[in-house]
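Chemist: Input structure: my_file_18.txt, which contains compact mmCIF, C-alpha atoms and all ligand atoms.
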# COMPACT_ATOMS: atom_id res chain seq x y z
CA MET A 9 13.70 -5.01 -11.36
CA GLU A 10 11.25 -2.61 -13.10
CA LEU A 11 8.28 -4.15 -11.29
CA PHE A 12 9.59 -2.82 -7.99
CA ASN A 13 11.57 0.20 -9.15
CA LEU A 14 10.43 3.56 -7.72
CA GLU A 15 13.14 5.79 -9.24
CA GLY A 16 11.61 9.15 -10.14
CA ARG A 17 8.51 8.60 -7.96
CA VAL A 18 7.52 10.87 -5.09
CA ALA A 19 5.85 9.53 -1.92
CA LEU A 20 4.06 11.57 0.75
CA ILE A 21 3.78 9.67 4.03
CA THR A 22 1.58 11.06 6.80
CA GLY A 23 2.92 10.32 10.27
CA GLY A 24 6.08 9.12 8.54
CA ASN A 25 8.38 10.54 11.22
CA GLY A 26 8.34 7.32 13.26
CA GLY A 27 6.93 3.82 13.68
CA ILE A 28 5.24 2.01 10.80
CA GLY A 29 5.28 5.12 8.57
CA LEU A 30 9.05 5.37 8.84
CA GLY A 31 9.39 1.63 8.19
CA MET A 32 7.44 2.12 4.96
CA ALA A 33 9.46 5.24 4.10
CA ARG A 34 12.69 3.26 4.48
CA GLY A 35 11.40 0.63 2.03
CA LEU A 36 10.20 3.21 -0.50
CA ALA A 37 13.49 5.15 -0.27
CA GLN A 38 15.53 1.99 -0.85
CA ALA A 39 13.42 1.29 -3.96
CA GLY A 40 14.39 4.76 -5.27
CA ALA A 41 11.45 7.01 -4.34
CA SER A 42 11.85 10.58 -3.05
CA ILE A 43 10.18 10.80 0.35
CA VAL A 44 8.17 13.64 1.89
CA LEU A 45 7.44 12.99 5.56
CA ALA A 46 4.41 14.85 6.91
CA ALA A 47 3.55 15.07 10.60
CA ARG A 48 3.47 17.44 13.59
CA ASP A 49 6.65 16.69 15.59
CA ARG A 50 9.69 18.32 13.93
CA ASP A 51 12.28 16.78 16.28
CA LYS A 52 11.12 13.25 15.52
CA ALA A 53 11.09 14.19 11.83
CA ALA A 54 14.71 15.42 11.95
CA ALA A 55 15.86 12.04 13.24
CA ALA A 56 13.74 10.23 10.63
CA LEU A 57 15.18 12.36 7.80
CA ALA A 58 18.73 11.62 8.95
CA ASP A 59 17.88 7.92 8.95
CA LEU A 60 16.46 8.06 5.40
CA ARG A 61 19.38 10.07 4.05
CA LYS A 62 21.79 7.50 5.51
CA LEU A 63 20.08 4.98 3.21
CA GLY A 64 20.94 7.27 0.31
CA GLY A 65 17.35 8.45 -0.15
CA LYS A 66 16.07 11.95 -0.98
CA ALA A 67 13.83 13.06 1.87
CA SER A 68 12.16 16.20 3.17
CA PHE A 69 9.63 17.15 5.85
CA VAL A 70 6.45 19.20 5.83
CA ALA A 71 4.42 20.08 8.93
CA LEU A 72 0.97 18.47 8.78
CA ASP A 73 -2.02 18.12 11.05
CA VAL A 74 -4.34 15.71 9.23
CA THR A 75 -7.34 16.88 11.24
CA ASP A 76 -7.14 20.19 9.36
CA GLU A 77 -8.24 20.00 5.71
CA ALA A 78 -6.23 23.10 4.76
CA SER A 79 -3.10 21.51 6.25
CA CYS A 80 -3.65 18.37 4.12
CA ASN A 81 -3.98 20.51 0.99
CA ALA A 82 -0.83 22.46 1.92
CA ALA A 83 1.20 19.26 2.50
CA VAL A 84 0.29 17.93 -0.94
CA ARG A 85 1.10 21.33 -2.48
CA HIS A 86 4.47 21.32 -0.68
CA ALA A 87 5.30 17.84 -1.99
CA VAL A 88 4.53 18.85 -5.55
CA GLU A 89 6.38 22.18 -5.30
CA THR A 90 9.52 20.69 -3.76
CA ALA A 91 9.68 17.26 -5.41
CA GLY A 92 7.92 18.11 -8.68
CA ARG A 93 5.06 15.57 -8.61
CA LEU A 94 3.11 13.18 -6.40
CA ASP A 95 2.79 9.47 -7.18
CA ILE A 96 2.32 7.73 -3.83
CA LEU A 97 0.30 8.71 -0.74
CA VAL A 98 0.60 6.67 2.46
CA ASN A 99 -2.20 7.56 4.88
CA ASN A 100 -0.49 6.36 8.04
CA ALA A 101 -1.10 9.09 10.67
CA GLY A 102 -3.08 7.59 13.51
CA THR A 103 -4.03 7.91 17.13
CA THR A 104 -6.21 6.23 19.76
CA VAL A 105 -7.85 6.92 23.11
CA ARG A 106 -7.99 3.85 25.33
CA LYS A 107 -11.21 4.00 27.36
CA GLN A 108 -14.44 2.09 27.81
CA PRO A 109 -16.98 3.54 25.34
CA GLU A 110 -19.27 4.90 28.07
CA ALA A 111 -16.39 7.05 29.40
CA LEU A 112 -15.46 8.70 26.08
CA SER A 113 -16.05 12.41 25.54
CA ALA A 114 -17.31 13.80 22.25
CA GLU A 115 -13.93 15.49 21.76
CA GLU A 116 -12.10 12.15 22.14
CA TRP A 117 -14.45 10.42 19.69
CA HIS A 118 -13.99 13.15 17.10
CA ARG A 119 -10.19 13.35 17.61
CA VAL A 120 -9.76 9.65 16.78
CA LEU A 121 -12.17 9.68 13.82
CA ASP A 122 -10.79 12.98 12.49
CA THR A 123 -7.19 11.77 12.65
CA ASN A 124 -7.56 8.19 11.43
CA LEU A 125 -10.39 8.38 8.91
CA THR A 126 -11.36 11.91 7.91
CA GLY A 127 -7.71 13.01 7.67
CA ALA A 128 -6.95 10.11 5.35
CA PHE A 129 -9.87 11.16 3.17
CA PHE A 130 -8.74 14.83 3.07
CA CYS A 131 -5.21 13.79 2.05
CA ALA A 132 -6.48 11.40 -0.62
CA GLN A 133 -8.79 14.08 -1.98
CA ALA A 134 -5.92 16.59 -2.10
CA ALA A 135 -3.63 14.06 -3.80
CA HIS A 136 -6.13 13.01 -6.47
CA PRO A 137 -5.62 15.85 -9.01
CA GLU A 138 -1.83 15.54 -8.70
CA MET A 139 -1.98 11.80 -9.37
CA VAL A 140 -4.24 12.40 -12.35
CA ARG A 141 -1.66 14.90 -13.63
CA ALA A 142 1.11 12.28 -13.13
CA GLY A 143 -0.88 9.74 -15.18
CA GLY A 144 -1.76 7.55 -12.18
CA GLY A 145 -0.92 6.91 -8.56
CA LYS A 146 -0.98 4.70 -5.51
CA VAL A 147 -2.81 5.33 -2.24
CA ILE A 148 -1.92 3.10 0.70
CA ASN A 149 -4.22 3.42 3.72
CA ILE A 150 -3.25 1.97 7.08
CA GLY A 151 -5.97 -0.04 8.80
CA SER A 152 -5.52 -2.33 11.78
CA MET A 153 -6.60 -5.63 13.31
CA MET A 154 -9.37 -3.37 14.61
CA SER A 155 -10.58 -3.13 11.01
CA ILE A 156 -11.66 -6.75 11.60
CA PHE A 157 -12.02 -7.27 15.35
CA GLY A 158 -13.51 -5.27 18.20
CA ALA A 159 -12.05 -4.34 21.59
CA ALA A 160 -13.74 -2.79 24.61
CA TYR A 161 -11.07 -0.11 24.97
CA ALA A 162 -10.88 0.87 21.29
CA VAL A 163 -14.38 1.64 19.99
CA PRO A 164 -13.63 4.90 18.09
CA TYR A 165 -10.33 3.42 16.86
CA ALA A 166 -12.12 0.31 15.51
CA ALA A 167 -14.82 2.50 13.93
CA SER A 168 -12.14 4.56 12.17
CA LYS A 169 -10.14 1.53 11.03
CA GLY A 170 -13.22 -0.33 9.80
CA GLY A 171 -14.03 2.88 7.93
CA ILE A 172 -10.56 2.89 6.36
CA VAL A 173 -11.27 -0.46 4.68
CA GLN A 174 -14.60 0.70 3.27
CA MET A 175 -13.16 4.06 2.21
CA THR A 176 -10.38 2.15 0.44
CA ARG A 177 -12.93 0.12 -1.51
CA GLY A 178 -14.91 3.20 -2.45
CA LEU A 179 -11.87 5.20 -3.60
CA ALA A 180 -10.50 2.19 -5.50
CA THR A 181 -13.77 1.96 -7.38
CA ALA A 182 -13.96 5.69 -8.07
CA TRP A 183 -10.39 6.22 -9.19
CA ALA A 184 -9.65 3.07 -11.20
CA ARG A 185 -10.50 5.10 -14.31
CA ASP A 186 -7.64 7.47 -13.38
CA ASN A 187 -5.12 4.61 -13.05
CA ILE A 188 -4.95 5.17 -9.28
CA GLN A 189 -4.79 2.01 -7.17
CA VAL A 190 -6.05 2.33 -3.60
CA ASN A 191 -5.28 -0.40 -1.06
CA ALA A 192 -5.25 -0.88 2.69
CA VAL A 193 -2.63 -2.54 4.89
CA LEU A 194 -3.85 -4.02 8.16
CA PRO A 195 -0.93 -4.37 10.60
CA GLY A 196 -0.97 -6.86 13.45
CA TRP A 197 0.67 -5.89 16.72
CA ILE A 198 3.76 -3.81 15.96
CA ASP A 199 6.35 -2.44 18.40
CA THR A 200 5.95 1.37 18.12
CA GLU A 201 5.24 4.36 20.37
CA LEU A 202 1.51 3.73 19.94
CA THR A 203 1.63 0.17 21.26
CA ARG A 204 4.21 0.96 23.94
CA GLY A 205 1.42 3.06 25.48
CA ALA A 206 -1.05 0.19 25.12
CA ARG A 207 1.36 -2.27 26.68
CA ALA A 208 1.82 0.01 29.66
CA GLN A 209 -1.95 0.52 30.06
CA VAL A 210 -3.43 -2.89 29.24
CA GLU A 211 -2.23 -5.57 31.61
CA GLY A 212 -1.15 -8.83 29.98
CA LEU A 213 -1.34 -7.40 26.44
CA HIS A 214 2.28 -8.15 25.61
CA GLU A 215 1.93 -11.84 26.52
CA ARG A 216 -1.50 -12.20 24.86
CA VAL A 217 -0.14 -10.87 21.57
CA LEU A 218 2.81 -13.28 21.67
CA ALA A 219 0.54 -16.20 22.51
CA ARG A 220 -1.92 -15.43 19.70
CA THR A 221 0.55 -14.52 16.92
CA PRO A 222 1.68 -17.64 14.99
CA ALA A 223 4.98 -15.91 14.13
CA LYS A 224 5.58 -15.70 17.92
CA ARG A 225 6.87 -12.15 17.89
CA TRP A 226 5.68 -8.57 17.74
CA GLY A 227 6.06 -6.95 14.32
CA MET A 228 8.69 -4.29 13.69
CA PRO A 229 8.36 -1.11 11.56
CA ASP A 230 10.73 -2.59 8.96
CA ASP A 231 8.23 -5.44 8.40
CA PHE A 232 6.26 -2.82 6.40
CA ALA A 233 8.99 -1.95 3.91
CA GLY A 234 8.12 -4.78 1.51
CA ILE A 235 4.36 -4.29 1.41
CA ALA A 236 4.88 -0.55 0.91
CA VAL A 237 7.15 -1.12 -2.11
CA PHE A 238 4.75 -3.70 -3.59
CA LEU A 239 1.69 -1.45 -3.24
CA ALA A 240 3.58 1.62 -4.51
CA ALA A 241 5.16 -0.04 -7.54
CA ALA A 242 4.10 -1.35 -10.95
CA ALA A 243 4.02 -4.85 -9.41
CA SER A 244 0.58 -4.03 -7.95
CA ASP A 245 -0.98 -2.28 -10.97
CA PHE A 246 -3.94 -4.73 -11.05
CA VAL A 247 -4.35 -4.80 -7.24
CA THR A 248 -6.91 -2.31 -5.99
CA GLY A 249 -9.45 -2.13 -3.18
CA ALA A 250 -7.64 -4.85 -1.23
CA ALA A 251 -7.10 -5.01 2.52
CA ILE A 252 -3.87 -6.90 3.13
CA THR A 253 -2.95 -8.15 6.59
CA VAL A 254 0.70 -7.90 7.70
CA ASP A 255 0.29 -9.56 11.06
CA GLY A 256 2.46 -12.66 11.48
CA GLY A 257 -0.76 -14.70 11.13
CA TYR A 258 -2.63 -13.04 14.04
CA SER A 259 -5.92 -12.72 12.13
CA VAL A 260 -5.99 -16.32 10.85
CA GLN A 261 -5.23 -18.10 14.11
CA ALA A 262 -8.34 -19.99 15.28
P1 LIG B 1 3.23 6.03 15.97
O1 LIG B 1 2.59 6.68 17.14
O2 LIG B 1 4.67 5.75 15.99
O3 LIG B 1 2.87 6.79 14.63
C1 LIG B 1 1.74 7.55 14.45
C2 LIG B 1 2.14 8.76 13.66
O4 LIG B 1 0.99 9.55 13.35
C3 LIG B 1 3.10 9.63 14.43
O5 LIG B 1 4.30 9.71 13.68
C4 LIG B 1 2.39 10.97 14.56
O6 LIG B 1 3.32 12.01 14.31
C5 LIG B 1 1.34 10.89 13.46
N1 LIG B 1 0.15 11.67 13.77
C6 LIG B 1 -0.71 11.50 14.81
N2 LIG B 1 -1.67 12.44 14.78
C7 LIG B 1 -1.41 13.21 13.69
C8 LIG B 1 -2.03 14.35 13.11
N3 LIG B 1 -3.13 14.91 13.67
N4 LIG B 1 -1.50 14.89 11.99
C9 LIG B 1 -0.40 14.35 11.42
N5 LIG B 1 0.24 13.28 11.92
C10 LIG B 1 -0.26 12.72 13.05
O7 LIG B 1 2.40 4.67 15.80
P2 LIG B 1 2.40 3.54 14.69
O8 LIG B 1 3.56 3.61 13.83
O9 LIG B 1 2.11 2.31 15.43
O10 LIG B 1 1.08 3.92 13.88
C11 LIG B 1 1.06 4.19 12.49
C12 LIG B 1 -0.26 3.72 11.93
O11 LIG B 1 -0.36 2.32 12.07
C13 LIG B 1 -1.47 4.32 12.64
O12 LIG B 1 -2.48 4.60 11.69
C14 LIG B 1 -1.91 3.17 13.54
O13 LIG B 1 -3.27 3.25 13.86
C15 LIG B 1 -1.59 2.00 12.67
N6 LIG B 1 -1.49 0.72 13.36
C16 LIG B 1 -0.50 0.48 14.29
C17 LIG B 1 -0.43 -0.76 14.89
C18 LIG B 1 0.63 -1.11 15.87
O14 LIG B 1 0.57 -2.21 16.42
N7 LIG B 1 1.59 -0.26 16.14
C19 LIG B 1 -1.38 -1.82 14.58
C20 LIG B 1 -2.35 -1.45 13.61
C21 LIG B 1 -2.39 -0.23 13.02
P3 LIG B 1 3.25 13.45 15.07
O15 LIG B 1 2.90 13.17 16.49
O16 LIG B 1 4.59 14.04 14.83
O17 LIG B 1 2.17 14.20 14.33
Output the file's structure as structure tokens, nothing else.

Modeler:
Amino acid sequence: MELFNLEGRVALITGGNGGIGLGMARGLAQAGASIVLAARDRDKAAAALADLRKLGGKASFVALDVTDEASCNAAVRHAVETAGRLDILVNNAGTTVRKQPEALSAEEWHRVLDTNLTGAFFCAQAAHPEMVRAGGGKVINIGSMMSIFGAAYAVPYAASKGGIVQMTRGLATAWARDNIQVNAVLPGWIDTELTRGARAQVEGLHERVLARTPAKRWGMPDDFAGIAVFLAAAASDFVTGAAITVDGGYSVQA
């Protein structure tokens, strides 16, 4: 169906070498997009590329550290040079430091904000002229339940993910004239490397998530394939500035 067809489109996915980013990459590849994965760990990326190619997708990797503006610019340049254009940017790279706020160092605060929020802005800024050249584009920013809620052990993370939603609204407003739609996806609790760490550190987290999630399960990376295709495709051409939860009902449970 044309509404969901991504043949001929090129998607750059930060942190796409595992977890939610790879789940989105798998969806985009199956809809026909060429994928450029951008992250730091080459070994993880090699496995992710093999996985995408098994699905029949075109996929390549570029080294990226989103905390470095020059690296963001270089990743976008690489995508355009190797795949010919850039239509879709998924700002998915993310990290956290689990500590009470009074125990956080300045370096830890900046690392989380630089990775989750400032890095997403640098990548969007780098992508903008390429999307203008392509006649339009789609930016998908990854927020969190911490875009909505607070948690004692995740103050910089929540600040960055709240910022993602507001940045999304601002960019959507600014770039509508360029036919670029900018939206945020707010995942619930998803089984990835990031949350495996949280489950090991925060006692009772696993059970609390199951008890509070109406769907009665943790999310999986592949739960993000559908929303990625929708927000990357013509189907969402009049959707911009939205923050869409993909959480099994976690955020609407009283
Ligand atoms: P993962 O740890 O599997 O993925 C995070 C990815 O970000 C990794 O692939 C990592 O790759 C990349 N990354 C981290 N720092 C950098 C950096 N400086 N430069 C480039 N890439 C970087 O976790 P998830 O899949 O869970 O997380 C993906 C996104 O989803 C994050 O933004 C996270 O905050 C968000 N999220 C996750 C939830 C969950 O329950 N899992 C819930 C809500 C939001 P590498 O180390 O190779 O650079």

Chemist: I want to know what sits within 8 Å of Glu77 of chain A, based on all atoms listed in the file, with residues of the same chain fewer than 5 positions away left out; could you give that as a CSV table (one decimal) with C-alpha atoms, keeping the file's coordinate frame?

Modeler:
chain,number,residue,atom,x,y,z
A,127,GLY,CA,-7.7,13.0,7.7
A,130,PHE,CA,-8.7,14.8,3.1
A,131,CYS,CA,-5.2,13.8,2.0

Chemist: Given all atoms listed in the file as the basis, pick out the residue of A:Ala41, A:Ala250, A:Met228, A:Ala219 nearest to ligand LIG 1 (chain B).

Modeler: A:Met228

Chemist: Could you tell me, counting all atoms listed in the file, which protein and nucleic acid residues lie no more than 7 Å from ligand LIG 1 (chain B), written as a ChimeraX atom specification?

Modeler: /A:22-29,46-50,52,72-75,100-103,123-124,150-153,194-203

Chemist: Take the selection from the previous step and output its residues with C-alpha atoms, as a PDB file, keeping the file's coordinate frame.

Modeler:
ATOM      1  CA  THR A  22       1.580  11.060   6.800  1.00  0.00           C
ATOM      2  CA  GLY A  23       2.920  10.320  10.270  1.00  0.00           C
ATOM      3  CA  GLY A  24       6.080   9.120   8.540  1.00  0.00           C
ATOM      4  CA  ASN A  25       8.380  10.540  11.220  1.00  0.00           C
ATOM      5  CA  GLY A  26       8.340   7.320  13.260  1.00  0.00           C
ATOM      6  CA  GLY A  27       6.930   3.820  13.680  1.00  0.00           C
ATOM      7  CA  ILE A  28       5.240   2.010  10.800  1.00  0.00           C
ATOM      8  CA  GLY A  29       5.280   5.120   8.570  1.00  0.00           C
ATOM      9  CA  ALA A  46       4.410  14.850   6.910  1.00  0.00           C
ATOM     10  CA  ALA A  47       3.550  15.070  10.600  1.00  0.00           C
ATOM     11  CA  ARG A  48       3.470  17.440  13.590  1.00  0.00           C
ATOM     12  CA  ASP A  49       6.650  16.690  15.590  1.00  0.00           C
ATOM     13  CA  ARG A  50       9.690  18.320  13.930  1.00  0.00           C
ATOM     14  CA  LYS A  52      11.120  13.250  15.520  1.00  0.00           C
ATOM     15  CA  LEU A  72       0.970  18.470   8.780  1.00  0.00           C
ATOM     16  CA  ASP A  73      -2.020  18.120  11.050  1.00  0.00           C
ATOM     17  CA  VAL A  74      -4.340  15.710   9.230  1.00  0.00           C
ATOM     18  CA  THR A  75      -7.340  16.880  11.240  1.00  0.00           C
ATOM     19  CA  ASN A 100      -0.490   6.360   8.040  1.00  0.00           C
ATOM     20  CA  ALA A 101      -1.100   9.090  10.670  1.00  0.00           C
ATOM     21  CA  GLY A 102      -3.080   7.590  13.510  1.00  0.00           C
ATOM     22  CA  THR A 103      -4.030   7.910  17.130  1.00  0.00           C
ATOM     23  CA  THR A 123      -7.190  11.770  12.650  1.00  0.00           C
ATOM     24  CA  ASN A 124      -7.560   8.190  11.430  1.00  0.00           C
ATOM     25  CA  ILE A 150      -3.250   1.970   7.080  1.00  0.00           C
ATOM     26  CA  GLY A 151      -5.970  -0.040   8.800  1.00  0.00           C
ATOM     27  CA  SER A 152      -5.520  -2.330  11.780  1.00  0.00           C
ATOM     28  CA  MET A 153      -6.600  -5.630  13.310  1.00  0.00           C
ATOM     29  CA  LEU A 194      -3.850  -4.020   8.160  1.00  0.00           C
ATOM     30  CA  PRO A 195      -0.930  -4.370  10.600  1.00  0.00           C
ATOM     31  CA  GLY A 196      -0.970  -6.860  13.450  1.00  0.00           C
ATOM     32  CA  TRP A 197       0.670  -5.890  16.720  1.00  0.00           C
ATOM     33  CA  ILE A 198       3.760  -3.810  15.960  1.00  0.00           C
ATOM     34  CA  ASP A 199       6.350  -2.440  18.400  1.00  0.00           C
ATOM     35  CA  THR A 200       5.950   1.370  18.120  1.00  0.00           C
ATOM     36  CA  GLU A 201       5.240   4.360  20.370  1.00  0.00           C
ATOM     37  CA  LEU A 202       1.510   3.730  19.940  1.00  0.00           C
ATOM     38  CA  THR A 203       1.630   0.170  21.260  1.00  0.00           C
TER      39      THR A 203
END

Chemist: Near Ser168 of chain A, counting all atoms listed in the file, which residues have an atom at most 9 Å away, once you skip same-chain residues fewer than 6 positions from it, shown as JSON, numbers by chain?

Modeler: {"A": [120, 121, 122, 123, 124, 125, 126, 151, 154, 155]}

Chemist: Separation of atom CA of Phe69 of chain A and atom CA of Ile172 of chain A, in Å?

Modeler: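 Answer for the atom CA of Phe69 of chain A to atom CA of Ile172 of chain A separation: 24.7 Å.
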
Chemist: Kindly indicate which residue among A:Ala182, A:Lys107, A:Gln261, A:Gly158 lies nearest to Lys224 of chain A, using all atoms listed in the file for the distances.

Modeler: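 Checking each of A:Ala182, A:Lys107, A:Gln261, A:Gly158 against Lys224 of chain A, counting all atoms listed in the file, the winner is A:Gln261.
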
Chemist: Could you check the closest approach to Arg106 of chain A for each of A:Leu30, A:Ala166, A:Phe129, A:Asp230 and tell me which residue wins, using all atoms listed in the file?

Modeler: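 For Arg106 of chain A, the nearest of the given residues is A:Ala166.
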
Chemist: Go through A:Ser68, A:Ser42, A:Gln133, A:Thr221 and flag the residue nearest Cys80 of chain A, using all atoms listed in the file for the distances.

Modeler: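 Ranked by minimum distance to Cys80 of chain A, first place goes to A:Gln133.
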
Chemist: Name the residues in contact with Leu179 of chain A at a cut-off of 12 Å, using only C-alpha atoms, excluding same-chain residues fewer than 4 positions from it; report them as a list of chain:residue names.

Modeler: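 Once the nearby chain positions are removed, what remains is A:Ala128, A:Phe129, A:Ala132, A:Gln133, A:His136, A:Lys146, A:Val147, A:Ile148, A:Asn149, A:Gly171, A:Ile172, A:Val173, A:Gln174, A:Met175, A:Trp183, A:Ala184, A:Arg185, A:Asp186, A:Asn187, A:Ile188, A:Gln189, A:Val190, A:Asn191, A:Ala192, A:Thr248, A:Gly249, A:Ala250.
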
Chemist: Just to confirm, what's the straight-line distance from atom CA of Tyr161 of chain A to atom CA of Asn99 of chain A in Å (one decimal)?

Modeler: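 According to the coordinates, atom CA of Tyr161 of chain A and atom CA of Asn99 of chain A are separated by 23.3 Å.
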
Chemist: Which residues come within 9 Å of Ala223 of chain A, counting all atoms listed in the file, excluding same-chain residues fewer than 3 positions away, as a list in words?

Modeler: Leu218, Arg220, Trp226, Asp255, Gly256, Gly257 and Tyr258 of chain A

Chemist: Please supply segment 53-70 of chain A, rebuilt with N, CA, C and O atoms, as a PDB file, keeping the file's coordinate frame.

Modeler:
ATOM      1  N   ALA A  53      10.903  14.179  13.289  1.00  0.00           N
ATOM      2  CA  ALA A  53      11.090  14.190  11.830  1.00  0.00           C
ATOM      3  C   ALA A  53      12.566  14.366  11.480  1.00  0.00           C
ATOM      4  O   ALA A  53      13.055  13.749  10.536  1.00  0.00           O
ATOM      5  N   ALA A  54      13.285  15.190  12.250  1.00  0.00           N
ATOM      6  CA  ALA A  54      14.710  15.420  11.950  1.00  0.00           C
ATOM      7  C   ALA A  54      15.483  14.112  12.055  1.00  0.00           C
ATOM      8  O   ALA A  54      16.316  13.788  11.195  1.00  0.00           O
ATOM      9  N   ALA A  55      15.184  13.336  13.081  1.00  0.00           N
ATOM     10  CA  ALA A  55      15.860  12.040  13.240  1.00  0.00           C
ATOM     11  C   ALA A  55      15.478  11.097  12.102  1.00  0.00           C
ATOM     12  O   ALA A  55      16.331  10.373  11.561  1.00  0.00           O
ATOM     13  N   ALA A  56      14.201  11.119  11.718  1.00  0.00           N
ATOM     14  CA  ALA A  56      13.740  10.230  10.630  1.00  0.00           C
ATOM     15  C   ALA A  56      14.402  10.613   9.301  1.00  0.00           C
ATOM     16  O   ALA A  56      14.807   9.740   8.539  1.00  0.00           O
ATOM     17  N   LEU A  57      14.548  11.915   9.054  1.00  0.00           N
ATOM     18  CA  LEU A  57      15.180  12.360   7.800  1.00  0.00           C
ATOM     19  C   LEU A  57      16.637  11.916   7.751  1.00  0.00           C
ATOM     20  O   LEU A  57      17.124  11.457   6.711  1.00  0.00           O
ATOM     21  N   ALA A  58      17.323  12.045   8.891  1.00  0.00           N
ATOM     22  CA  ALA A  58      18.730  11.620   8.950  1.00  0.00           C
ATOM     23  C   ALA A  58      18.833  10.134   8.616  1.00  0.00           C
ATOM     24  O   ALA A  58      19.714   9.699   7.868  1.00  0.00           O
ATOM     25  N   ASP A  59      17.903   9.366   9.173  1.00  0.00           N
ATOM     26  CA  ASP A  59      17.880   7.920   8.950  1.00  0.00           C
ATOM     27  C   ASP A  59      17.685   7.617   7.444  1.00  0.00           C
ATOM     28  O   ASP A  59      18.412   6.806   6.859  1.00  0.00           O
ATOM     29  N   LEU A  60      16.735   8.310   6.817  1.00  0.00           N
ATOM     30  CA  LEU A  60      16.460   8.060   5.400  1.00  0.00           C
ATOM     31  C   LEU A  60      17.631   8.475   4.519  1.00  0.00           C
ATOM     32  O   LEU A  60      17.968   7.797   3.549  1.00  0.00           O
ATOM     33  N   ARG A  61      18.258   9.598   4.885  1.00  0.00           N
ATOM     34  CA  ARG A  61      19.380  10.070   4.050  1.00  0.00           C
ATOM     35  C   ARG A  61      20.576   9.129   4.165  1.00  0.00           C
ATOM     36  O   ARG A  61      21.324   8.957   3.212  1.00  0.00           O
ATOM     37  N   LYS A  62      20.707   8.487   5.334  1.00  0.00           N
ATOM     38  CA  LYS A  62      21.790   7.500   5.510  1.00  0.00           C
ATOM     39  C   LYS A  62      21.609   6.338   4.516  1.00  0.00           C
ATOM     40  O   LYS A  62      22.561   5.711   4.082  1.00  0.00           O
ATOM     41  N   LEU A  63      20.354   6.046   4.184  1.00  0.00           N
ATOM     42  CA  LEU A  63      20.080   4.980   3.210  1.00  0.00           C
ATOM     43  C   LEU A  63      20.326   5.444   1.781  1.00  0.00           C
ATOM     44  O   LEU A  63      20.120   4.697   0.832  1.00  0.00           O
ATOM     45  N   GLY A  64      20.666   6.740   1.647  1.00  0.00           N
ATOM     46  CA  GLY A  64      20.940   7.270   0.310  1.00  0.00           C
ATOM     47  C   GLY A  64      19.707   7.866  -0.332  1.00  0.00           C
ATOM     48  O   GLY A  64      19.736   8.243  -1.506  1.00  0.00           O
ATOM     49  N   GLY A  65      18.604   7.958   0.438  1.00  0.00           N
ATOM     50  CA  GLY A  65      17.350   8.450  -0.150  1.00  0.00           C
ATOM     51  C   GLY A  65      17.237   9.962  -0.106  1.00  0.00           C
ATOM     52  O   GLY A  65      17.884  10.623   0.705  1.00  0.00           O
ATOM     53  N   LYS A  66      16.409  10.521  -1.029  1.00  0.00           N
ATOM     54  CA  LYS A  66      16.070  11.950  -0.980  1.00  0.00           C
ATOM     55  C   LYS A  66      14.858  12.070  -0.073  1.00  0.00           C
ATOM     56  O   LYS A  66      13.849  11.381  -0.287  1.00  0.00           O
ATOM     57  N   ALA A  67      14.950  12.968   0.935  1.00  0.00           N
ATOM     58  CA  ALA A  67      13.830  13.060   1.870  1.00  0.00           C
ATOM     59  C   ALA A  67      13.679  14.471   2.397  1.00  0.00           C
ATOM     60  O   ALA A  67      14.669  15.165   2.613  1.00  0.00           O
ATOM     61  N   SER A  68      12.429  14.902   2.575  1.00  0.00           N
ATOM     62  CA  SER A  68      12.160  16.200   3.170  1.00  0.00           C
ATOM     63  C   SER A  68      10.961  16.079   4.105  1.00  0.00           C
ATOM     64  O   SER A  68      10.300  15.031   4.166  1.00  0.00           O
ATOM     65  N   PHE A  69      10.699  17.164   4.852  1.00  0.00           N
ATOM     66  CA  PHE A  69       9.630  17.150   5.850  1.00  0.00           C
ATOM     67  C   PHE A  69       8.700  18.320   5.618  1.00  0.00           C
ATOM     68  O   PHE A  69       9.138  19.417   5.262  1.00  0.00           O
ATOM     69  N   VAL A  70       7.410  18.092   5.821  1.00  0.00           N
ATOM     70  CA  VAL A  70       6.450  19.200   5.830  1.00  0.00           C
ATOM     71  C   VAL A  70       5.551  19.013   7.061  1.00  0.00           C
ATOM     72  O   VAL A  70       5.135  17.892   7.380  1.00  0.00           O
TER      73      VAL A  70
END
